[in-house]
Structures are given as C-alpha cells and as structure tokens.
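Contents: one structure, followed by commentary.
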Amino acid sequence: MKRRSFIKKSSISGIGLALTPSLMLAKEPEHEYSVLELMGKEDIELFGEGINLRKEAHDAFLAMKKAAYSDGIDLKIVSSYRSFYRQEAIWERKYIKYTEDDGMSPLAAIEKIIEYSTIPGTSRHHWGTDIDIIDGYRKTNGDVLVPEKFEAGGPFEDFKKWMDENSKKFDFHLVYTKDPKRRGFKYEPWHYSYAPISIPMLTAYRRLNIVQLLREESFYGGEHFTTGFIKNYLRNNILDINTALL
Ligand SMILES: [Zn+2]
C-alpha cells in the first residue's frame, strides 16, 4: 500500500473506522469515479508489492497466479498502475525522439506513438485494473512485450494458451485482441483487464469531455491534436477493444 494515500484517506474519513467492513463494502457498487481518478492524477490506494492494483483486482490476480502456478506458469507483472505523470514522461520521451532524433513531422510522430502507447490521461493503466503480464519462468532476451514471443514456438506460447483457457474464470480479459477488423492499438497478447472494475470505469470515462480535458494539458505534441483526431482516437483506441470489456 502507498503510505501517502493511506494517511490522506484515513485522515479525511476517520468516521469510516466506526463502520463495519461489510457496510464499507456495500458502498462500493455506487462508487463514483472522479475525473482525476479516471485520468490517473489521483493518488489511489494500490495493493501488493510489484502488483499495484485496486484491492479486488489484486485479490483476483493472486488467485489467478496461484492457479497458473500449479500448472507450471509464473504470472509475472511487467506493468500495472501507471500515473498520468508517468505516462506523460513516456509520451514526451517518444515524441522528442521521433521528432528531433528521427526528424519525423509532429503528426507522423503522434501516429507512431499511438501504435502502442497512449496519450497521457487516456491509459487504462491509470485505473489500477489493467496489467501487462508474461511467464516469469521463461527466460528470453531483449524486450518481452513482443507479439511474436506469445505465438507458437515463442517463450510465452504456454502462457498464452493457459490465459486463453483460464483468465476469464478470474474476470481478466485481453483488451487489444487479435481481431483483424479491430482498429486502434495493435494486438497486445500481454495486456489484461479486470472487468468488474474496469467496465464501470470505462462507462464513467466515456461520460467525460476528453476533447476539452486534453486541451487543458500542456505535454509536447498536444498542441497538434485536433478535435477530429481526438474523437477518432477515442473511437478506435479507447472503444474498439474486446467487447467483453464494454
Ligand atoms: Zn498494457
């Protein structure tokens, strides 16, 4: 748990100590997600060292990890919660590299970045529900998040097979599927989402005025976003995902 958020939450909700755990849980389905929370700017409470997920997603992940373990697969998290500010740093590093080192135009650089990376404030990793995972037992050189490594003959072939058969039992679903008709982000055989929380969060996210919210940001390249670009991005990259998560 992050100490900072624990102190903050307990100081403003001391009355919560008087509530029984069941009453506190009963409030959860009515949970409203704030704009800051949906954009990765809120210091949310995260659970598990090296896991960093919301409580319910953390518990489901541990149960799934245990089941995989008995089948010889070590579910290892490569990436989970990521704040707006972390995503902003990733975005700007890529933007500077593509425009300054590689001499690409701003729009070409933006198109290249969004093949795999999200615009800050639009990542599902902001929600504490999504993970990038591999099989920690399998040793491999170089980058691990490469689609070919999850195909037949690749180091994560067994992992992929296991997840295809079992992840749904734990409410984890692949987000960016292999469907050739799907637009937006490319196929990511490593990115899974905990549906019971991420579905209501996506519903809340869709109600936001993302065009306006992104206009208020000042990261590199953002000044080149047109309304049409952002609307296309939302339709393709945020909403054209596995329908089990809509
Ligand atoms: Zn991911």
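In the structure tokens, chains take letters A, B, ... by order of appearance, with residues numbered from 1 within each chain and ligands from 1 in the order shown.
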Which residues come within 9 Å of range 113-121 of chain A, counting only C-alpha atoms, excluding same-chain residues fewer than 2 positions away, as a PDB file with C-alpha atoms, in the first residue's frame?
ATOM      1  CA  LEU A  36      -8.720  12.938 -11.608  1.00  0.00           C
ATOM      2  CA  LEU A  38     -10.052   8.351 -14.369  1.00  0.00           C
ATOM      3  CA  MET A  39      -7.122  10.346 -15.749  1.00  0.00           C
ATOM      4  CA  GLY A  40      -4.502   8.849 -13.445  1.00  0.00           C
ATOM      5  CA  LYS A  41      -3.991  12.005 -11.416  1.00  0.00           C
ATOM      6  CA  SER A  83       0.013   7.585 -13.236  1.00  0.00           C
ATOM      7  CA  PHE A  84      -0.777  10.372 -15.676  1.00  0.00           C
ATOM      8  CA  TYR A  85       2.648  11.869 -14.955  1.00  0.00           C
ATOM      9  CA  ARG A  86       4.491   8.620 -15.709  1.00  0.00           C
ATOM     10  CA  GLN A  87       2.547   8.286 -18.980  1.00  0.00           C
ATOM     11  CA  GLU A  88       3.356  11.912 -19.780  1.00  0.00           C
ATOM     12  CA  ALA A  89       7.086  11.179 -19.347  1.00  0.00           C
ATOM     13  CA  ILE A  90       6.825   8.126 -21.670  1.00  0.00           C
ATOM     14  CA  TRP A  91       4.873  10.157 -24.230  1.00  0.00           C
ATOM     15  CA  LYS A  94       8.977   9.180 -27.551  1.00  0.00           C
ATOM     16  CA  TYR A  95       7.751  12.443 -29.047  1.00  0.00           C
ATOM     17  CA  TYR A  98      10.708  10.787 -33.148  1.00  0.00           C
ATOM     18  CA  ALA A 108       3.671  11.312 -38.027  1.00  0.00           C
ATOM     19  CA  ALA A 109       5.329  11.069 -34.616  1.00  0.00           C
ATOM     20  CA  ILE A 110       1.951  11.087 -32.850  1.00  0.00           C
ATOM     21  CA  GLU A 111       0.601   8.344 -35.159  1.00  0.00           C
ATOM     22  CA  SER A 123      -4.444   4.958 -20.468  1.00  0.00           C
ATOM     23  CA  ARG A 124      -6.287   2.009 -18.950  1.00  0.00           C
ATOM     24  CA  HIS A 126      -4.328   4.774 -14.969  1.00  0.00           C
ATOM     25  CA  GLY A 184      -6.766   1.370 -32.541  1.00  0.00           C
ATOM     26  CA  PHE A 185      -3.917  -0.205 -30.610  1.00  0.00           C
ATOM     27  CA  LYS A 186      -2.204  -3.186 -32.127  1.00  0.00           C
ATOM     28  CA  TYR A 187      -2.620  -6.711 -30.794  1.00  0.00           C
ATOM     29  CA  GLU A 188      -1.249  -6.925 -27.237  1.00  0.00           C
ATOM     30  CA  ILE A 210     -11.997  14.157 -23.202  1.00  0.00           C
ATOM     31  CA  LEU A 213      -9.689  17.750 -20.830  1.00  0.00           C
ATOM     32  CA  LEU A 214      -6.812  17.056 -23.259  1.00  0.00           C
ATOM     33  CA  PHE A 219       2.565  17.956 -22.850  1.00  0.00           C
ATOM     34  CA  GLY A 222      -0.669  18.017 -27.591  1.00  0.00           C
ATOM     35  CA  TYR A 233      -8.585   8.204 -31.168  1.00  0.00           C
ATOM     36  CA  ASN A 237      -8.091   3.285 -29.410  1.00  0.00           C
TER      37      ASN A 237
END
Contacts to ligand 1 at 8 Å cut-off (only C-alpha atoms and all ligand atoms) as a PDB file with N, CA and C atoms, in the first residue's frame:
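Writing done, so here's result_11.pdb:
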ATOM      1  N   SER A  79       3.970  -4.539 -15.969  1.00  0.00           N
ATOM      2  CA  SER A  79       3.479  -3.176 -15.778  1.00  0.00           C
ATOM      3  C   SER A  79       2.035  -3.244 -15.287  1.00  0.00           C
ATOM      4  N   SER A  80       1.685  -2.387 -14.324  1.00  0.00           N
ATOM      5  CA  SER A  80       0.281  -2.354 -13.879  1.00  0.00           C
ATOM      6  C   SER A  80      -0.162  -0.903 -13.763  1.00  0.00           C
ATOM      7  N   ARG A 124      -5.590   2.910 -19.872  1.00  0.00           N
ATOM      8  CA  ARG A 124      -6.287   2.009 -18.950  1.00  0.00           C
ATOM      9  C   ARG A 124      -5.394   1.678 -17.765  1.00  0.00           C
ATOM     10  N   HIS A 125      -4.096   1.841 -17.933  1.00  0.00           N
ATOM     11  CA  HIS A 125      -3.172   1.607 -16.809  1.00  0.00           C
ATOM     12  C   HIS A 125      -3.351   2.669 -15.714  1.00  0.00           C
ATOM     13  N   ASP A 130      -5.658  -2.789 -14.832  1.00  0.00           N
ATOM     14  CA  ASP A 130      -5.057  -3.412 -16.019  1.00  0.00           C
ATOM     15  C   ASP A 130      -3.590  -3.769 -15.791  1.00  0.00           C
ATOM     16  N   ILE A 131      -3.186  -4.891 -16.420  1.00  0.00           N
ATOM     17  CA  ILE A 131      -1.815  -5.387 -16.247  1.00  0.00           C
ATOM     18  C   ILE A 131      -1.220  -5.855 -17.568  1.00  0.00           C
ATOM     19  N   ASP A 132       0.098  -5.731 -17.663  1.00  0.00           N
ATOM     20  CA  ASP A 132       0.851  -6.368 -18.745  1.00  0.00           C
ATOM     21  C   ASP A 132       1.586  -7.521 -18.077  1.00  0.00           C
ATOM     22  N   GLU A 188      -2.125  -6.857 -28.419  1.00  0.00           N
ATOM     23  CA  GLU A 188      -1.249  -6.925 -27.237  1.00  0.00           C
ATOM     24  C   GLU A 188      -1.596  -8.176 -26.427  1.00  0.00           C
ATOM     25  N   TRP A 190      -0.312  -9.471 -24.074  1.00  0.00           N
ATOM     26  CA  TRP A 190       0.114  -9.382 -22.667  1.00  0.00           C
ATOM     27  C   TRP A 190      -0.789  -8.508 -21.804  1.00  0.00           C
ATOM     28  N   HIS A 191      -1.681  -7.739 -22.416  1.00  0.00           N
ATOM     29  CA  HIS A 191      -2.445  -6.748 -21.653  1.00  0.00           C
ATOM     30  C   HIS A 191      -3.841  -7.262 -21.272  1.00  0.00           C
ATOM     31  N   TYR A 192      -4.050  -7.447 -19.961  1.00  0.00           N
ATOM     32  CA  TYR A 192      -5.325  -7.954 -19.439  1.00  0.00           C
ATOM     33  C   TYR A 192      -5.967  -6.936 -18.511  1.00  0.00           C
TER      34      TYR A 192
END
Could you please determine the separation between CA of Ile77 in chain A and CA of Lys160 in chain A in Å, to one decimal place? 14.2 Å
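Taking CA of Lys55 in chain A and CA of Tyr194 in chain A as the two end points, the separation is 11.1 Å.
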Could you pull out the residues in range 85-216 of chain A that DSSP calls helix (DSSP H, G or I) from the backbone, as a ChimeraX atom specification? /A:85-101,106-113,124-127,147-150,157-170,195-206,210-215
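Among the candidates A:Asn52, A:Glu92, A:His173, A:Ile134, the one nearest to Gly154 in chain A when counting only C-alpha atoms is A:Ile134.
Of the listed residues A:Ala68, A:Thr177, A:Arg182, A:Leu234, the one whose atoms come nearest to Lys161 in chain A is A:Ala68, with distances taken using only C-alpha atoms.
Using only C-alpha atoms, the smallest distance between any of A:Leu246, A:His31, A:Lys76, A:Asp135 and Trp162 in chain A comes from A:Asp135.
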Taking only C-alpha atoms into account, name the residue in A:Asp101, A:Asp179, A:Asp171, A:Glu157 that is nearest to Asp59 in chain A. A:Asp171
Identify, with DSSP run on backbone atoms, the residues in range 34-239 of chain A assigned to strand (DSSP E), and express the list as a ChimeraX atom specification. /A:75-79,130-135,172-174,191-194
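Counting from CA of Arg215 in chain A, the distance to CA of Leu245 in chain A is 27.2 Å.
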From the list A:Tyr220, A:Phe170, A:Phe150, A:Tyr33, the nearest residue to Pro196 in chain A using only C-alpha atoms is A:Phe170
